[in-house]
>>> print(open('structure_14.csv').read())   # CSV, C-alpha atoms
chain,number,residue,atom,x,y,z
A,92,MET,CA,132.5,126.5,60.2
A,93,THR,CA,132.3,128.7,57.1
A,94,ALA,CA,128.8,130.1,56.9
A,95,THR,CA,127.1,132.5,54.6
A,96,THR,CA,124.5,134.4,56.4
A,97,GLU,CA,123.0,136.3,53.5
A,98,THR,CA,121.2,134.4,50.8
A,99,PRO,CA,121.9,135.9,47.4
A,100,PRO,CA,118.8,137.2,45.5
A,101,PRO,CA,117.0,134.7,43.3
A,102,ILE,CA,117.6,134.5,39.6
A,103,VAL,CA,114.3,135.0,37.8
A,104,LEU,CA,114.0,134.7,34.1
A,105,GLU,CA,110.8,134.9,32.0
A,106,TYR,CA,110.4,133.9,28.4
A,107,ASP,CA,107.5,133.6,25.9
A,108,LEU,CA,108.0,130.4,23.9
A,109,ALA,CA,106.3,129.6,20.6
A,110,GLU,CA,105.6,126.0,21.6
A,111,PRO,CA,102.7,124.8,23.8
A,112,PRO,CA,103.2,123.8,27.4
A,113,HIS,CA,103.0,120.1,26.8
A,114,LYS,CA,105.9,120.3,24.4
A,115,VAL,CA,107.9,122.5,26.8
A,116,TRP,CA,107.2,120.0,29.6
A,117,ARG,CA,108.6,117.2,27.5
A,118,ALA,CA,111.8,119.2,26.8
A,119,LEU,CA,112.1,119.7,30.6
A,120,THR,CA,111.4,116.1,31.7
A,121,GLU,CA,112.5,113.7,29.0
A,122,PRO,CA,116.1,112.8,29.5
A,123,GLN,CA,117.2,113.0,25.9
A,124,LEU,CA,115.5,116.3,25.3
A,125,LEU,CA,116.7,117.8,28.6
A,126,ALA,CA,120.2,116.5,27.7
A,127,ALA,CA,120.1,118.5,24.4
A,128,TRP,CA,119.9,121.8,26.1
A,129,LEU,CA,121.0,121.4,29.7
A,130,GLY,CA,123.2,118.3,30.0
A,131,PRO,CA,123.2,114.4,30.1
A,132,ASN,CA,120.9,113.4,32.9
A,133,ASP,CA,118.6,110.6,34.2
A,134,ILE,CA,115.6,112.7,35.2
A,135,ARG,CA,112.3,111.2,36.2
A,136,PRO,CA,109.6,113.7,36.7
A,137,GLU,CA,108.2,112.2,39.9
A,138,VAL,CA,108.2,113.9,43.3
A,139,GLY,CA,111.1,112.5,45.4
A,140,ALA,CA,113.0,111.1,42.4
A,141,GLN,CA,116.7,111.7,42.4
A,142,PHE,CA,118.7,112.3,39.3
A,143,GLN,CA,121.9,114.0,38.2
A,144,ILE,CA,122.8,116.4,35.4
A,145,ASP,CA,126.3,116.5,33.9
A,146,GLY,CA,128.1,119.4,32.5
A,147,VAL,CA,126.2,122.2,34.0
A,148,ARG,CA,129.2,123.6,35.8
A,149,GLY,CA,132.7,122.1,36.1
A,150,SER,CA,133.2,118.4,36.0
A,151,ALA,CA,131.1,117.3,39.0
A,152,PRO,CA,127.5,116.4,38.2
A,153,VAL,CA,124.7,118.3,39.8
A,154,GLN,CA,122.6,116.1,42.1
A,155,CYS,CA,118.9,116.8,42.1
A,156,ARG,CA,115.8,115.7,43.8
A,157,ILE,CA,112.3,116.5,42.4
A,158,LEU,CA,110.2,118.5,44.8
A,159,GLN,CA,107.2,119.2,42.5
A,160,ALA,CA,106.2,117.8,39.2
A,161,GLU,CA,102.9,119.0,37.9
A,162,PRO,CA,102.7,118.0,34.2
A,163,HIS,CA,102.6,121.0,31.8
A,164,ARG,CA,102.6,123.4,34.7
A,165,GLN,CA,105.4,123.2,37.2
A,166,LEU,CA,108.7,121.4,37.8
A,167,ARG,CA,110.8,122.1,40.8
A,168,TRP,CA,113.9,120.5,42.1
A,169,HIS,CA,116.5,120.8,44.9
A,170,GLN,CA,120.0,120.6,43.7
A,171,TRP,CA,123.4,120.0,45.2
A,172,GLU,CA,126.8,120.5,43.6
A,173,ARG,CA,130.4,120.5,44.5
A,174,ASP,CA,132.9,123.1,43.7
A,175,ASP,CA,135.8,121.4,41.9
A,176,ALA,CA,138.1,124.3,42.6
A,177,ASP,CA,137.4,124.4,46.3
A,178,ALA,CA,139.7,122.1,48.2
A,179,CYS,CA,137.4,122.5,51.2
A,180,GLY,CA,134.8,120.6,49.3
A,181,THR,CA,132.1,123.2,49.8
A,182,LEU,CA,128.7,122.0,48.6
A,183,VAL,CA,126.3,124.5,47.2
A,184,GLU,CA,122.6,123.8,47.2
A,185,SER,CA,119.8,125.6,45.6
A,186,LEU,CA,116.2,125.3,44.2
A,187,VAL,CA,115.3,125.4,40.5
A,188,SER,CA,111.8,125.8,39.3
A,189,PHE,CA,110.1,126.1,36.0
A,190,GLU,CA,106.6,127.4,35.8
A,191,LEU,CA,104.7,127.0,32.6
A,192,SER,CA,101.5,128.8,31.6
A,193,ALA,CA,99.6,128.7,28.3
A,194,LEU,CA,99.7,131.9,26.2
A,195,PRO,CA,96.6,132.9,24.1
A,196,ASP,CA,98.6,132.3,20.9
A,197,GLY,CA,99.2,128.7,21.8
A,198,GLY,CA,102.7,129.3,23.1
A,199,THR,CA,104.1,129.0,26.6
A,200,HIS,CA,105.1,131.6,29.2
A,201,LEU,CA,108.1,130.1,31.0
A,202,ARG,CA,109.2,131.5,34.3
A,203,LEU,CA,112.5,130.1,35.6
A,204,VAL,CA,113.4,130.8,39.2
A,205,HIS,CA,116.8,129.7,40.7
A,206,GLU,CA,116.9,130.6,44.3
A,207,GLY,CA,117.9,129.5,47.9
A,208,PHE,CA,121.6,129.4,47.2
A,209,ALA,CA,123.4,128.2,50.3
A,210,THR,CA,126.6,126.6,51.2
A,211,CYS,CA,126.8,123.4,53.1
A,212,PRO,CA,130.3,122.8,54.3
A,213,ILE,CA,131.3,119.2,53.9
A,214,VAL,CA,132.3,119.1,57.5
A,215,ALA,CA,128.7,119.3,58.4
A,216,MET,CA,127.8,116.6,55.9
A,217,ALA,CA,130.4,114.2,57.2
A,218,GLY,CA,128.9,113.8,60.6
A,219,VAL,CA,125.3,113.8,59.8
A,220,ALA,CA,122.1,112.0,59.2
A,221,ALA,CA,122.0,114.2,56.1
A,222,THR,CA,119.1,114.4,53.7
A,223,SER,CA,119.1,111.7,51.1
A,224,ALA,CA,119.8,114.2,48.4
A,225,ALA,CA,122.9,115.4,50.2
A,226,ILE,CA,124.0,111.8,50.8
A,227,ALA,CA,123.7,111.2,47.1
A,228,VAL,CA,126.6,113.6,46.5
A,229,LEU,CA,129.0,111.4,48.4
A,230,PRO,CA,130.7,108.4,46.8
A,231,ARG,CA,129.0,105.2,47.8
A,232,SER,CA,131.8,104.0,50.0
A,233,SER,CA,131.8,107.2,52.0
A,234,ARG,CA,128.1,107.0,52.4
A,235,LEU,CA,128.4,103.8,54.2
A,236,ARG,CA,131.2,104.9,56.4
A,237,VAL,CA,129.4,108.2,57.2
A,238,ARG,CA,126.3,106.4,58.2
A,239,ALA,CA,128.2,103.8,60.2
A,240,ARG,CA,130.2,106.3,62.2
A,241,THR,CA,127.4,108.7,62.9
A,242,THR,CA,126.2,108.7,66.4
A,243,SER,CA,125.1,112.2,67.6
A,244,ALA,CA,124.9,114.4,64.6
A,245,PRO,CA,125.6,118.1,64.2
A,246,THR,CA,122.8,119.7,62.1
A,247,ILE,CA,123.1,120.8,58.6
A,248,VAL,CA,121.6,124.2,59.3
A,249,TYR,CA,121.6,125.5,55.7
A,250,SER,CA,120.3,122.5,53.9
A,251,LEU,CA,117.5,122.0,56.4
A,252,SER,CA,116.4,125.6,56.1
A,253,VAL,CA,116.2,125.3,52.4
A,254,LEU,CA,114.3,122.1,52.6
A,255,ARG,CA,111.8,123.7,55.0
A,256,ARG,CA,111.3,126.6,52.6
A,257,ALA,CA,110.8,124.1,49.9
A,258,ALA,CA,108.2,122.1,51.7
B,20,MET,CA,141.7,116.1,45.6
B,21,LEU,CA,139.6,113.0,45.8
B,22,GLU,CA,136.2,113.3,47.6
B,23,SER,CA,136.9,110.0,49.3
B,24,ASP,CA,140.1,111.6,50.9
B,25,VAL,CA,138.0,114.5,52.3
B,26,PHE,CA,135.4,112.2,53.8
B,27,ARG,CA,138.0,109.8,55.1
B,28,ALA,CA,139.7,112.8,56.8
B,29,LEU,CA,136.5,113.9,58.4
B,30,ALA,CA,135.1,110.6,59.3
B,31,ASP,CA,137.2,110.7,62.6
B,32,PRO,CA,135.3,112.7,65.2
B,33,THR,CA,138.5,114.2,66.7
B,34,ARG,CA,139.7,115.3,63.3
B,35,ARG,CA,136.4,116.8,62.5
B,36,ALA,CA,136.5,118.8,65.7
B,37,VAL,CA,140.0,119.9,64.9
B,38,PHE,CA,138.8,121.1,61.5
B,39,GLU,CA,135.9,122.9,63.0
B,40,ARG,CA,138.0,124.8,65.5
B,41,LEU,CA,140.4,125.8,62.7
B,42,SER,CA,137.6,127.2,60.7
B,43,ARG,CA,136.9,129.6,63.5
B,44,GLN,CA,140.5,130.7,64.1
B,45,GLU,CA,144.1,130.0,63.2
B,46,MET,CA,146.0,128.0,65.9
B,47,ASN,CA,149.2,126.3,66.4
B,48,VAL,CA,149.5,122.7,67.6
B,49,SER,CA,149.8,123.4,71.3
B,50,GLU,CA,146.8,125.8,71.3
B,51,LEU,CA,144.8,123.1,69.5
B,52,THR,CA,146.0,120.3,71.9
B,53,ALA,CA,144.8,122.3,74.9
B,54,GLY,CA,141.2,121.8,73.8
B,55,PHE,CA,141.4,118.0,73.4
B,56,ARG,CA,142.0,115.0,75.5
B,57,VAL,CA,144.6,113.7,73.1
B,58,SER,CA,148.3,114.0,73.0
B,59,GLN,CA,150.1,116.6,70.9
B,60,PRO,CA,151.6,113.9,68.6
B,61,ALA,CA,148.1,112.6,68.0
B,62,ILE,CA,146.9,116.1,67.1
B,63,SER,CA,149.9,116.6,64.8
B,64,GLN,CA,148.9,113.3,63.1
B,65,HIS,CA,145.4,114.6,62.6
B,66,LEU,CA,146.7,117.8,61.2
B,67,SER,CA,148.8,116.0,58.6
B,68,VAL,CA,145.7,114.0,57.4
B,69,LEU,CA,143.7,117.2,57.2
B,70,ARG,CA,146.4,118.9,55.2
B,71,ALA,CA,146.8,115.9,52.9
B,72,ALA,CA,143.1,116.1,52.2
B,73,GLY,CA,143.4,119.8,51.3
B,74,LEU,CA,141.1,120.9,54.2
B,75,ILE,CA,143.5,123.1,56.1
B,76,VAL,CA,146.5,125.2,55.2
B,77,GLU,CA,149.7,125.7,57.2
B,78,ARG,CA,151.5,129.0,57.8
B,79,ARG,CA,155.1,128.9,59.1
B,80,GLU,CA,156.4,131.7,61.3
B,81,GLY,CA,159.9,131.0,62.5
B,82,ARG,CA,159.9,127.7,64.3
B,83,ASN,CA,156.1,127.8,64.7
B,84,ALA,CA,153.5,126.4,62.4
B,85,TYR,CA,149.9,127.8,62.4
B,86,TYR,CA,146.9,126.1,60.9
B,87,ARG,CA,143.6,127.2,59.6
B,88,SER,CA,140.8,125.9,57.4
B,89,ASP,CA,141.1,126.9,53.8
B,90,PRO,CA,138.8,130.0,53.5
B,91,ARG,CA,138.0,129.8,49.8
B,92,GLY,CA,134.6,128.4,50.5
B,93,LEU,CA,133.4,131.8,51.5
B,94,THR,CA,133.6,133.3,48.0
B,95,ALA,CA,132.2,130.3,46.3
B,96,LEU,CA,128.5,131.1,46.7
B,97,ALA,CA,128.7,134.5,45.0
B,98,ASP,CA,130.6,132.9,42.1
B,99,TRP,CA,128.0,130.2,41.8
B,100,VAL,CA,125.1,132.6,41.5
B,101,GLN,CA,127.0,134.7,39.0
B,102,HIS,CA,127.7,131.5,37.0
B,103,TYR,CA,124.0,130.7,36.7
B,104,ARG,CA,123.0,134.3,36.0
B,105,VAL,CA,125.1,134.0,32.8
B,106,GLU,CA,124.5,130.3,32.1
B,107,TRP,CA,120.7,130.1,32.3
B,108,PRO,CA,120.0,132.6,29.4
B,109,ALA,CA,122.4,130.6,27.2
B,110,ARG,CA,120.7,127.3,28.2
B,111,ILE,CA,117.3,128.7,27.5
B,112,ALA,CA,118.5,129.8,24.0
B,113,ASN,CA,119.5,126.1,23.5
B,114,LEU,CA,116.1,125.0,24.8
B,115,LYS,CA,114.4,127.2,22.2
B,116,SER,CA,116.3,125.4,19.4
B,117,VAL,CA,115.5,122.1,20.9
B,118,LEU,CA,111.8,123.0,20.9
B,119,LYS,CA,112.0,124.0,17.3
B,120,ASP,CA,113.6,120.7,16.3
B,121,MET,CA,111.2,118.5,18.3
B,122,ASP,CA,108.9,116.1,16.5
B,123,ARG,CA,105.4,117.3,16.2
>>> encode(input="structure_14.csv", output="structure tokens")
Amino acid sequence: MTATTETPPPIVLEYDLAEPPHKVWRALTEPQLLAAWLGPNDIRPEVGAQFQIDGVRGSAPVQCRILQAEPHRQLRWHQWERDDADACGTLVESLVSFELSALPDGGTHLRLVHEGFATCPIVAMAGVAATSAAIAVLPRSSRLRVRARTTSAPTIVYSLSVLRRAA
Amino acid sequence: MLESDVFRALADPTRRAVFERLSRQEMNVSELTAGFRVSQPAISQHLSVLRAAGLIVERREGRNAYYRSDPRGLTALADWVQHYRVEWPARIANLKSVLKDMDR
């Protein structure tokens, strides 16, 4: 099984924005506003909610699941995506979080952290009681088949480790 | 490559085991057959399904054919991180203009 043992360092970006946290929060969590800067989506800022974002990378939508949604303060999601160019169908998962804090001038300090990049070979996915977020990446017909055929499941080591870190 | 083909190819437990063995090392059909309780023609059939799904590649050497998993997945992760390193600042620039245009 292809495995990457070293996790790449996180991407951390910090910005001071002129608008207040409640406004930034809306731009992160209202589908139409999020679409205007990130991509068409069906986000619902509730813990456990699953949604997808189109056009972030390649043609396959990114599948996401909300891990934390604290209005005006923190939004964190777990995301899965497929590599179009990779015939092996490698899935890449990662964690994205936006932390907002109020600035004295009424603006917002935004800290964006994108971390926990890991590959999850599709071979692991196919035989597994995978996480619901992972299952969501599969077309519906395969989901049923995968569930029906699964008896003893190999573990998705990478995805589970990320979920544990996220918990 | 359709996702459904990939999943169909891997839905069979024997085929999945074949794919996993080939991700560890390159093998020919008889080496592969030795590890399974199925006939060589059956293994060959599994190999052709895996090839059709783009999961493995074949290398010919004289009369022998060797198979292995497509290794491109290994480099994917670094590319991915690099993509986002470039992409996020551009997206945040878009976010800034969205914020400016938002209703008050």
>>> closest_residue(input="structure_14.csv", among="A:Pro162, A:Gly146, A:Pro195, A:Pro99", to="Gly130 (chain A)", atoms="all atoms listed in the file")
A:Gly146
>>> closest_residue(input="structure_14.csv", among="A:Ile134, A:Val147, A:Leu158, A:Leu166", to="chain B", atoms="all atoms listed in the file")
A:Val147
>>> atom_distance(input="structure_14.csv", atom1="CA of Ile75 (chain B)", atom2="CA of Gln143 (chain A)")
29.5 Å
>>> atom_distance(input="structure_14.csv", atom1="CA of Trp168 (chain A)", atom2="CA of Asp196 (chain A)")
28.7 Å
>>> residues_around(input="structure_14.csv", residues="Ile102 (chain A)", least_positions_apart="6", cutoff="9 Å", atoms="all atoms listed in the file", output="list of chain:residue names")
A:Leu203, A:Val204, A:His205, A:Glu206, B:Val100, B:Tyr103, B:Arg104
>>> atom_distance(input="structure_14.csv", atom1="CA of Lys119 (chain B)", atom2="CA of Val153 (chain A)")
26.5 Å
>>> residues_near_point(input="structure_14.csv", point="(150.4, 114.9, 66.8)", cutoff="12 Å", atoms="all atoms listed in the file", output="ChimeraX atom specification")
/B:33-34,37,47-49,51-52,55,57-69
>>> residues_around(input="structure_14.csv", residues="Pro122 (chain A)", least_positions_apart="2", cutoff="12 Å", atoms="only C-alpha atoms", output="PyMOL selection string")
chain A and resi 116-120+124-136+142-145
>>> closest_residue(input="structure_14.csv", among="B:Trp99, B:Ser42, B:Lys115, B:Arg82", to="Trp171 (chain A)", atoms="only C-alpha atoms")
B:Trp99
>>> interface_residues(input="structure_14.csv", of="chain B", to="chain A", cutoff="6 Å", atoms="all atoms listed in the file", output="list in words")
Glu39, Ser42, Gly73, Leu74, Gly92, Arg110, Asn113 and Leu114 of chain B
